[in-house]
>>> print(open('data.csv').read())   # CSV, C-alpha atoms and all ligand atoms
chain,number,residue,atom,x,y,z
A,1,MET,CA,-1.1,-12.1,-14.6
A,2,ARG,CA,-1.0,-9.8,-11.7
A,3,LYS,CA,-4.5,-8.9,-10.4
A,4,PRO,CA,-4.9,-5.2,-10.0
A,5,LEU,CA,-5.3,-4.0,-6.4
A,6,MET,CA,-7.0,-0.7,-5.5
A,7,ALA,CA,-6.3,0.1,-1.9
A,8,GLY,CA,-7.8,3.0,0.1
A,9,ASN,CA,-5.5,4.3,2.9
A,10,TRP,CA,-7.9,6.3,5.0
A,11,LYS,CA,-5.1,7.7,7.2
A,12,MET,CA,-6.5,9.4,10.3
A,13,ASN,CA,-10.0,9.9,9.0
A,14,LYS,CA,-13.5,8.7,9.6
A,15,THR,CA,-15.3,7.8,12.8
A,16,ILE,CA,-16.7,4.3,13.3
A,17,PRO,CA,-20.2,5.3,12.1
A,18,ASP,CA,-18.7,7.1,9.1
A,19,ALA,CA,-16.5,4.1,8.2
A,20,VAL,CA,-19.4,1.7,8.4
A,21,SER,CA,-21.8,3.8,6.3
A,22,PHE,CA,-19.0,4.1,3.7
A,23,ILE,CA,-18.7,0.3,3.5
A,24,LYS,CA,-22.4,-0.1,3.2
A,25,GLU,CA,-22.4,2.1,0.1
A,26,LEU,CA,-19.2,0.6,-1.2
A,27,LYS,CA,-20.7,-2.9,-1.2
A,28,ASN,CA,-23.7,-1.8,-3.3
A,29,THR,CA,-21.6,0.2,-5.7
A,30,VAL,CA,-18.9,-2.4,-6.5
A,31,ALA,CA,-20.9,-5.6,-6.0
A,32,ASP,CA,-20.2,-6.8,-9.5
A,33,VAL,CA,-16.4,-6.0,-9.6
A,34,LYS,CA,-14.4,-9.2,-10.1
A,35,ASP,CA,-11.2,-8.3,-11.9
A,36,VAL,CA,-9.9,-5.8,-9.4
A,37,GLU,CA,-9.1,-6.6,-5.8
A,38,ILE,CA,-10.5,-3.9,-3.4
A,39,LEU,CA,-8.9,-3.0,-0.1
A,40,VAL,CA,-9.8,-0.5,2.6
A,41,CYS,CA,-7.4,0.5,5.4
A,42,PRO,CA,-9.3,2.3,8.1
A,43,THR,CA,-8.0,3.4,11.5
A,44,PHE,CA,-7.4,0.8,14.2
A,45,THR,CA,-10.5,1.8,16.1
A,46,ALA,CA,-12.8,1.1,13.1
A,47,LEU,CA,-11.2,-2.2,11.9
A,48,TYR,CA,-13.5,-4.5,13.8
A,49,ALA,CA,-16.7,-2.7,12.8
A,50,VAL,CA,-15.6,-2.4,9.2
A,51,ASN,CA,-14.8,-6.1,9.1
A,52,ASN,CA,-18.3,-7.0,10.3
A,53,GLU,CA,-19.8,-4.8,7.6
A,54,LEU,CA,-17.5,-6.4,4.9
A,55,LYS,CA,-18.9,-9.9,5.5
A,56,ASN,CA,-20.3,-11.3,2.2
A,57,SER,CA,-18.2,-8.8,0.3
A,58,SER,CA,-15.1,-9.5,-1.7
A,59,ALA,CA,-13.4,-6.3,-0.5
A,60,LYS,CA,-10.6,-6.9,1.9
A,61,LEU,CA,-9.5,-5.2,5.2
A,62,GLY,CA,-6.1,-3.8,6.0
A,63,ALA,CA,-4.5,-1.8,8.8
A,64,GLN,CA,-2.1,1.2,8.5
A,65,ASN,CA,0.6,0.0,10.9
A,66,ILE,CA,1.7,-2.9,12.9
A,67,PHE,CA,4.3,-3.7,15.7
A,68,TRP,CA,6.6,-6.7,15.3
A,69,GLU,CA,6.3,-8.2,18.7
A,70,GLU,CA,3.4,-10.7,19.5
A,71,LYS,CA,2.5,-9.4,22.9
A,72,GLY,CA,3.8,-7.8,26.1
A,73,ALA,CA,4.7,-4.4,27.6
A,74,PHE,CA,4.5,-2.2,24.5
A,75,THR,CA,2.0,0.4,25.4
A,76,GLY,CA,0.0,1.7,22.5
A,77,GLU,CA,1.2,-0.9,20.0
A,78,ILE,CA,-0.8,-3.5,18.0
A,79,SER,CA,0.5,-7.0,17.3
A,80,PRO,CA,0.2,-9.0,14.0
A,81,SER,CA,-2.2,-11.5,15.6
A,82,MET,CA,-4.4,-8.7,16.9
A,83,LEU,CA,-4.7,-7.4,13.3
A,84,LYS,CA,-5.7,-10.9,12.1
A,85,ASP,CA,-8.1,-11.1,15.0
A,86,ALA,CA,-9.8,-7.9,13.9
A,87,GLY,CA,-10.2,-9.3,10.4
A,88,CYS,CA,-7.3,-7.8,8.5
A,89,SER,CA,-5.6,-9.6,5.6
A,90,TYR,CA,-3.3,-6.7,4.7
A,91,VAL,CA,-1.2,-4.1,6.5
A,92,ILE,CA,0.5,-1.0,5.2
A,93,ILE,CA,4.1,-0.8,6.4
A,94,GLY,CA,6.6,2.1,6.3
A,95,HIS,CA,4.4,4.7,4.8
A,96,SER,CA,6.3,8.0,4.3
A,97,GLU,CA,4.2,9.7,7.0
A,98,ARG,CA,5.4,7.1,9.5
A,99,ARG,CA,9.0,7.4,8.3
A,100,GLN,CA,8.7,11.2,8.5
A,101,TYR,CA,6.8,11.7,11.8
A,102,PHE,CA,7.3,8.5,13.8
A,103,GLY,CA,10.9,7.6,13.1
A,104,GLU,CA,10.4,4.5,11.0
A,105,THR,CA,13.5,3.2,9.3
A,106,ASP,CA,14.3,0.5,6.7
A,107,GLU,CA,15.3,-1.7,9.7
A,108,THR,CA,11.9,-1.3,11.5
A,109,VAL,CA,10.1,-1.7,8.1
A,110,ASN,CA,11.9,-5.1,7.7
A,111,LYS,CA,11.0,-6.3,11.2
A,112,LYS,CA,7.4,-5.3,10.6
A,113,THR,CA,7.3,-6.9,7.2
A,114,LYS,CA,8.6,-10.2,8.5
A,115,ALA,CA,6.3,-10.2,11.5
A,116,ALA,CA,3.3,-9.5,9.3
A,117,ILE,CA,4.2,-12.4,6.9
A,118,ALA,CA,4.7,-14.7,9.9
A,119,ALA,CA,1.2,-13.9,11.1
A,120,GLY,CA,-0.3,-14.6,7.6
A,121,LEU,CA,-0.9,-10.9,6.8
A,122,ILE,CA,0.1,-9.4,3.4
A,123,PRO,CA,2.4,-6.4,3.9
A,124,ILE,CA,2.2,-3.4,1.6
A,125,VAL,CA,5.7,-2.0,1.9
A,126,CYS,CA,5.9,1.7,1.0
A,127,VAL,CA,8.9,3.3,-0.6
A,128,GLY,CA,9.5,6.7,-2.1
A,129,GLU,CA,11.8,9.6,-2.5
A,130,THR,CA,11.3,13.2,-1.2
A,131,LEU,CA,11.3,16.2,-3.5
A,132,LYS,CA,14.8,17.1,-2.4
A,133,GLU,CA,16.1,13.6,-3.2
A,134,ARG,CA,14.4,13.7,-6.7
A,135,GLU,CA,16.0,17.1,-7.4
A,136,GLU,CA,19.4,15.8,-6.3
A,137,ASN,CA,19.0,12.9,-8.8
A,138,ILE,CA,19.3,10.2,-6.2
A,139,THR,CA,15.7,8.7,-6.5
A,140,PHE,CA,17.0,5.3,-7.7
A,141,LYS,CA,19.6,5.2,-5.0
A,142,ILE,CA,17.0,5.9,-2.3
A,143,ILE,CA,14.5,3.4,-3.7
A,144,GLU,CA,17.2,0.7,-4.0
A,145,LYS,CA,18.1,1.1,-0.4
A,146,GLN,CA,14.5,1.1,0.8
A,147,VAL,CA,13.7,-2.0,-1.2
A,148,LYS,CA,16.9,-3.9,-0.4
A,149,GLU,CA,16.9,-3.2,3.3
A,150,GLY,CA,13.2,-2.9,4.0
A,151,ILE,CA,12.3,-6.1,2.1
A,152,ALA,CA,15.4,-8.2,3.0
A,153,ASN,CA,15.6,-11.8,4.0
A,154,LEU,CA,12.4,-13.3,2.7
A,155,SER,CA,12.0,-16.6,0.9
A,156,VAL,CA,11.1,-16.4,-2.8
A,157,GLN,CA,7.6,-17.6,-2.0
A,158,GLU,CA,7.1,-14.9,0.7
A,159,ALA,CA,8.6,-12.3,-1.7
A,160,GLU,CA,6.1,-13.0,-4.4
A,161,ASN,CA,3.1,-12.6,-2.1
A,162,ILE,CA,3.8,-9.2,-0.7
A,163,VAL,CA,2.8,-5.8,-2.2
A,164,ILE,CA,5.2,-2.9,-2.8
A,165,ALA,CA,3.8,0.7,-3.0
A,166,TYR,CA,5.9,3.4,-4.7
A,167,GLU,CA,4.8,6.7,-3.2
A,168,PRO,CA,6.9,9.7,-4.2
A,169,VAL,CA,6.7,11.9,-1.1
A,170,TRP,CA,6.3,15.0,-3.2
A,171,ALA,CA,3.1,13.6,-4.8
A,172,ILE,CA,1.3,12.7,-1.6
A,173,GLY,CA,-1.6,14.9,-0.7
A,174,THR,CA,-0.2,17.6,-3.0
A,175,GLY,CA,-2.4,17.1,-6.0
A,176,LYS,CA,0.9,16.8,-7.9
A,177,THR,CA,0.9,13.3,-9.4
A,178,ALA,CA,3.9,11.6,-10.9
A,179,THR,CA,3.4,11.4,-14.6
A,180,PRO,CA,2.6,7.8,-15.8
A,181,GLU,CA,6.1,7.8,-17.3
A,182,GLN,CA,7.8,9.0,-14.1
A,183,ALA,CA,5.9,6.3,-12.1
A,184,GLN,CA,6.6,3.5,-14.6
A,185,GLU,CA,10.3,4.3,-14.7
A,186,VAL,CA,10.5,3.8,-10.9
A,187,HIS,CA,8.2,0.8,-10.9
A,188,GLU,CA,10.3,-0.9,-13.6
A,189,PHE,CA,13.4,-0.1,-11.5
A,190,ILE,CA,11.9,-1.6,-8.4
A,191,ARG,CA,11.0,-4.8,-10.3
A,192,LYS,CA,14.6,-5.0,-11.6
A,193,ILE,CA,16.0,-4.7,-8.0
A,194,TYR,CA,13.5,-7.2,-6.8
A,195,ARG,CA,14.6,-9.6,-9.5
A,196,GLN,CA,18.2,-9.4,-8.3
A,197,MET,CA,16.9,-10.2,-4.8
A,198,TYR,CA,14.2,-12.8,-5.4
A,199,ALA,CA,14.4,-13.9,-9.0
A,200,THR,CA,11.0,-14.9,-10.4
A,201,ALA,CA,9.1,-13.4,-7.5
A,202,ALA,CA,9.7,-10.1,-9.4
A,203,ASP,CA,7.1,-11.2,-12.0
A,204,LYS,CA,4.5,-11.9,-9.4
A,205,VAL,CA,4.9,-9.1,-6.9
A,206,ARG,CA,2.4,-6.3,-7.2
A,207,ILE,CA,3.7,-2.8,-7.3
A,208,LEU,CA,1.1,-0.1,-6.5
A,209,TYR,CA,1.5,3.6,-7.3
A,210,GLY,CA,0.4,6.2,-4.6
A,211,GLY,CA,0.4,10.0,-4.6
A,212,SER,CA,-2.6,12.1,-5.7
A,213,VAL,CA,-4.2,9.2,-7.6
A,214,ASN,CA,-7.7,10.4,-8.7
A,215,PRO,CA,-10.5,9.5,-11.1
A,216,CYS,CA,-8.9,11.6,-13.9
A,217,ASN,CA,-5.3,10.2,-13.8
A,218,VAL,CA,-6.0,6.6,-12.8
A,219,SER,CA,-6.5,5.0,-16.2
A,220,ASP,CA,-3.3,6.4,-17.7
A,221,LEU,CA,-1.3,5.2,-14.7
A,222,MET,CA,-2.9,1.8,-14.8
A,223,LYS,CA,-2.0,1.4,-18.5
A,224,LYS,CA,1.7,1.2,-17.6
A,225,ASN,CA,3.2,-2.3,-17.6
A,226,ASP,CA,4.6,-2.2,-14.1
A,227,ILE,CA,1.8,-0.4,-12.3
A,228,ASP,CA,-0.4,-3.0,-10.7
A,229,GLY,CA,-2.8,-0.8,-8.7
A,230,GLY,CA,-3.1,2.2,-6.5
A,231,LEU,CA,-2.6,3.1,-2.9
A,232,VAL,CA,-4.9,6.0,-2.5
A,233,GLY,CA,-5.4,8.6,0.2
A,234,GLY,CA,-7.7,11.5,-0.4
A,235,ALA,CA,-9.7,10.0,-3.3
A,236,SER,CA,-10.4,6.9,-1.3
A,237,LEU,CA,-12.4,8.8,1.3
A,238,LYS,CA,-15.3,9.7,-1.1
A,239,ILE,CA,-17.4,6.8,-2.3
A,240,GLU,CA,-17.9,8.3,-5.9
A,241,ASP,CA,-14.2,8.8,-6.4
A,242,PHE,CA,-13.1,5.4,-4.9
A,243,ALA,CA,-15.7,3.6,-7.0
A,244,LYS,CA,-14.4,5.4,-10.2
A,245,LEU,CA,-10.8,4.3,-9.2
A,246,ILE,CA,-12.0,0.7,-8.8
A,247,ASN,CA,-13.7,0.8,-12.2
A,248,PHE,CA,-10.6,2.4,-13.8
A,249,ALA,CA,-10.9,0.3,-16.9
A,250,LYS,CA,-14.5,1.3,-17.7
B,301,LIG,P1,-3.0,10.9,-1.6
B,301,LIG,O1,-3.8,10.0,-2.5
B,301,LIG,O2,-4.0,11.7,-0.7
B,301,LIG,O3,-2.0,11.8,-2.3
B,301,LIG,O4,-2.2,10.0,-0.5
B,301,LIG,C1,-1.4,9.0,-1.0
B,301,LIG,C2,-1.0,8.1,0.1
B,301,LIG,O5,-0.2,8.5,0.9
B,301,LIG,C3,-1.6,6.8,0.2
B,301,LIG,O6,-0.9,6.0,1.1
>>> encode(input="data.csv", output="structure tokens", more="lines below")
Ligand code: 13P
Amino acid sequence: MRKPLMAGNWKMNKTIPDAVSFIKELKNTVADVKDVEILVCPTFTALYAVNNELKNSSAKLGAQNIFWEEKGAFTGEISPSMLKDAGCSYVIIGHSERRQYFGETDETVNKKTKAAIAAGLIPIVCVGETLKEREENITFKIIEKQVKEGIANLSVQEAENIVIAYEPVWAIGTGKTATPEQAQEVHEFIRKIYRQMYATAADKVRILYGGSVNPCNVSDLMKKNDIDGGLVGGASLKIEDFAKLINFAK
């Protein structure tokens, strides 16, 4: 059984005080949740403070980016062990916003994925097609390349412990969610590709859906066989909405 994971990607939002007060509320609101893993991914500057606030809570901490080198002259970058040091157990890699605005490629995604694993972090590797690619009917081709190149060269054991996030670019921040059927179709495809690469790891790897997930659509998405959770932007910034997402089965 794959434990559902509800992950909040806060993107470039919330000051340190805002982040800490959100976590205080979150802890009270979801204290009794056992069957869903909860993850928050604040900005780098809030990681340490959020980690302190998360003590005695089952919710986990993740970062939104990472660099693959351990240390050295890389101005502005953050290494895997620095993220561990700040209390992270997860890191989002290759988000479409990073691919689109900061030149990330499947090659850099793979370097970051391997560096994260080596440091004991769980990577959440993001894949997804643009609207143009969907309209050209090349969604599967794009996803296959992103999975095969971005998540290449892992051991089966490493492969089963990572997380993949399918985030169709046209559904991010647009209010236009993929239908549960559209999402399931791609999730099933990702698991098929992953089976060719890593055999039985495909049954264990969790595949999250991301793109305008909200309290109204979450339960229908989560009913699908290959959807193991959500990677949520906008709706993870408001405590009432995020709590509803975490309690999707109620
Ligand atoms: P929204 O939930 O705001 O569409 O963002 C999705 C996303 O990019 C999560 O990583």
>>> closest_atom_pairs(input="data.csv", of="stretch 54-109 of chain A", to="stretch 123-128 of chain A", cutoff="10 Å", atoms="only C-alpha atoms", output="tab-separated table")
residue	atom	partner	partner_atom	distance
A:Gly62	CA	A:Pro123	CA	9.1
A:Ala63	CA	A:Pro123	CA	9.6
A:Gln64	CA	A:Ile124	CA	9.3
A:Asn65	CA	A:Pro123	CA	9.7
A:Ile66	CA	A:Pro123	CA	9.7
A:Ser89	CA	A:Pro123	CA	8.8
A:Tyr90	CA	A:Pro123	CA	5.8
A:Val91	CA	A:Pro123	CA	5.0
A:Ile92	CA	A:Ile124	CA	4.6
A:Ile93	CA	A:Val125	CA	4.9
A:Gly94	CA	A:Cys126	CA	5.4
A:His95	CA	A:Cys126	CA	5.1
A:Ser96	CA	A:Cys126	CA	7.1
A:Arg99	CA	A:Cys126	CA	9.8
A:Asp106	CA	A:Val127	CA	9.5
A:Val109	CA	A:Val125	CA	7.6
>>> closest_residue(input="data.csv", among="A:Tyr101, A:Phe189, A:Phe140, A:Trp170", to="ligand LIG 301 (chain B)", atoms="only C-alpha atoms and all ligand atoms")
A:Trp170
>>> atom_distance(input="data.csv", atom1="atom CA of A:Met82", atom2="atom CA of A:Ala165")
23.5 Å
>>> atom_distance(input="data.csv", atom1="atom CA of A:Glu240", atom2="atom CA of A:Leu26")
9.1 Å
>>> closest_residue(input="data.csv", among="A:Tyr48, A:Phe248, A:Phe22, A:Tyr194", to="A:Val156", atoms="all atoms listed in the file")
A:Tyr194
>>> atom_distance(input="data.csv", atom1="atom CA of A:Val50", atom2="atom CA of A:Asp18")
10.0 Å
>>> closest_residue(input="data.csv", among="A:Leu154, A:Ile246, A:Ala19, A:Ile172", to="A:Leu5", atoms="only C-alpha atoms")
A:Ile246
>>> closest_residue(input="data.csv", among="A:Pro80, A:Ser21, A:Glu97, A:Lys148", to="A:Ala115", atoms="all atoms listed in the file")
A:Pro80
>>> closest_residue(input="data.csv", among="A:Gly210, A:Pro180, A:Gly103, A:Pro42", to="A:Gly230", atoms="all atoms listed in the file")
A:Gly210
>>> residues_near_ligand(input="data.csv", ligand="ligand LIG 301 (chain B)", cutoff="6 Å", atoms="only C-alpha atoms and all ligand atoms", output="VMD selection string")
chain A and resid 9 171 to 173 210 to 213 231 to 235
>>> residues_around(input="data.csv", residues="stretch 204-208 of chain A", least_positions_apart="4", cutoff="10 Å", atoms="only C-alpha atoms", output="ChimeraX atom specification")
/A:1-7,124-126,157-167,183,187-188,190-191,194,200,222,226-232
>>> write_last_selection(input="data.csv", atoms="C-alpha atoms", output="PDB file, keeping the file's coordinate frame")
ATOM      1  CA  MET A   1      -1.100 -12.100 -14.600  1.00  0.00           C
ATOM      2  CA  ARG A   2      -1.000  -9.800 -11.700  1.00  0.00           C
ATOM      3  CA  LYS A   3      -4.500  -8.900 -10.400  1.00  0.00           C
ATOM      4  CA  PRO A   4      -4.900  -5.200 -10.000  1.00  0.00           C
ATOM      5  CA  LEU A   5      -5.300  -4.000  -6.400  1.00  0.00           C
ATOM      6  CA  MET A   6      -7.000  -0.700  -5.500  1.00  0.00           C
ATOM      7  CA  ALA A   7      -6.300   0.100  -1.900  1.00  0.00           C
ATOM      8  CA  ILE A 124       2.200  -3.400   1.600  1.00  0.00           C
ATOM      9  CA  VAL A 125       5.700  -2.000   1.900  1.00  0.00           C
ATOM     10  CA  CYS A 126       5.900   1.700   1.000  1.00  0.00           C
ATOM     11  CA  GLN A 157       7.600 -17.600  -2.000  1.00  0.00           C
ATOM     12  CA  GLU A 158       7.100 -14.900   0.700  1.00  0.00           C
ATOM     13  CA  ALA A 159       8.600 -12.300  -1.700  1.00  0.00           C
ATOM     14  CA  GLU A 160       6.100 -13.000  -4.400  1.00  0.00           C
ATOM     15  CA  ASN A 161       3.100 -12.600  -2.100  1.00  0.00           C
ATOM     16  CA  ILE A 162       3.800  -9.200  -0.700  1.00  0.00           C
ATOM     17  CA  VAL A 163       2.800  -5.800  -2.200  1.00  0.00           C
ATOM     18  CA  ILE A 164       5.200  -2.900  -2.800  1.00  0.00           C
ATOM     19  CA  ALA A 165       3.800   0.700  -3.000  1.00  0.00           C
ATOM     20  CA  TYR A 166       5.900   3.400  -4.700  1.00  0.00           C
ATOM     21  CA  GLU A 167       4.800   6.700  -3.200  1.00  0.00           C
ATOM     22  CA  ALA A 183       5.900   6.300 -12.100  1.00  0.00           C
ATOM     23  CA  HIS A 187       8.200   0.800 -10.900  1.00  0.00           C
ATOM     24  CA  GLU A 188      10.300  -0.900 -13.600  1.00  0.00           C
ATOM     25  CA  ILE A 190      11.900  -1.600  -8.400  1.00  0.00           C
ATOM     26  CA  ARG A 191      11.000  -4.800 -10.300  1.00  0.00           C
ATOM     27  CA  TYR A 194      13.500  -7.200  -6.800  1.00  0.00           C
ATOM     28  CA  THR A 200      11.000 -14.900 -10.400  1.00  0.00           C
ATOM     29  CA  MET A 222      -2.900   1.800 -14.800  1.00  0.00           C
ATOM     30  CA  ASP A 226       4.600  -2.200 -14.100  1.00  0.00           C
ATOM     31  CA  ILE A 227       1.800  -0.400 -12.300  1.00  0.00           C
ATOM     32  CA  ASP A 228      -0.400  -3.000 -10.700  1.00  0.00           C
ATOM     33  CA  GLY A 229      -2.800  -0.800  -8.700  1.00  0.00           C
ATOM     34  CA  GLY A 230      -3.100   2.200  -6.500  1.00  0.00           C
ATOM     35  CA  LEU A 231      -2.600   3.100  -2.900  1.00  0.00           C
ATOM     36  CA  VAL A 232      -4.900   6.000  -2.500  1.00  0.00           C
TER      37      VAL A 232
END
>>> residues_near_point(input="data.csv", point="(-9.8, 7.8, 6.6)", cutoff="7 Å", atoms="only C-alpha atoms", output="ChimeraX atom specification")
/A:9-14,42-43,237
>>> build_atoms(input="data.csv", residues="stretch 113-125 of chain A", atoms="N, CA and C atoms", output="mmCIF file, keeping the file's coordinate frame")
data_model
loop_
_atom_site.group_PDB
_atom_site.id
_atom_site.type_symbol
_atom_site.label_atom_id
_atom_site.label_comp_id
_atom_site.auth_asym_id
_atom_site.auth_seq_id
_atom_site.Cartn_x
_atom_site.Cartn_y
_atom_site.Cartn_z
ATOM 1 N N THR A 113 7.671 -6.147 8.354
ATOM 2 C CA THR A 113 7.300 -6.900 7.200
ATOM 3 C C THR A 113 7.389 -8.429 7.514
ATOM 4 N N LYS A 114 8.463 -8.819 8.168
ATOM 5 C CA LYS A 114 8.600 -10.200 8.500
ATOM 6 C C LYS A 114 7.592 -10.697 9.526
ATOM 7 N N ALA A 115 7.285 -9.831 10.496
ATOM 8 C CA ALA A 115 6.300 -10.200 11.500
ATOM 9 C C ALA A 115 4.897 -10.319 10.870
ATOM 10 N N ALA A 116 4.594 -9.438 9.936
ATOM 11 C CA ALA A 116 3.300 -9.500 9.300
ATOM 12 C C ALA A 116 3.164 -10.806 8.488
ATOM 13 N N ILE A 117 4.213 -11.154 7.730
ATOM 14 C CA ILE A 117 4.200 -12.400 6.900
ATOM 15 C C ILE A 117 4.012 -13.598 7.862
ATOM 16 N N ALA A 118 4.756 -13.593 8.965
ATOM 17 C CA ALA A 118 4.700 -14.700 9.900
ATOM 18 C C ALA A 118 3.287 -14.928 10.450
ATOM 19 N N ALA A 119 2.538 -13.828 10.553
ATOM 20 C CA ALA A 119 1.200 -13.900 11.100
ATOM 21 C C ALA A 119 0.141 -14.184 9.989
ATOM 22 N N GLY A 120 0.601 -14.288 8.743
ATOM 23 C CA GLY A 120 -0.300 -14.600 7.600
ATOM 24 C C GLY A 120 -0.976 -13.302 7.087
ATOM 25 N N LEU A 121 -0.363 -12.155 7.357
ATOM 26 C CA LEU A 121 -0.900 -10.900 6.800
ATOM 27 C C LEU A 121 -0.037 -10.575 5.527
ATOM 28 N N ILE A 122 -0.637 -9.854 4.579
ATOM 29 C CA ILE A 122 0.100 -9.400 3.400
ATOM 30 C C ILE A 122 0.593 -7.998 3.630
ATOM 31 N N PRO A 123 1.918 -7.796 3.714
ATOM 32 C CA PRO A 123 2.400 -6.400 3.900
ATOM 33 C C PRO A 123 2.361 -5.629 2.613
ATOM 34 N N ILE A 124 2.029 -4.354 2.740
ATOM 35 C CA ILE A 124 2.200 -3.400 1.600
ATOM 36 C C ILE A 124 3.314 -2.496 2.031
ATOM 37 N N VAL A 125 4.487 -2.753 1.492
ATOM 38 C CA VAL A 125 5.700 -2.000 1.900
ATOM 39 C C VAL A 125 5.838 -0.765 1.075
#
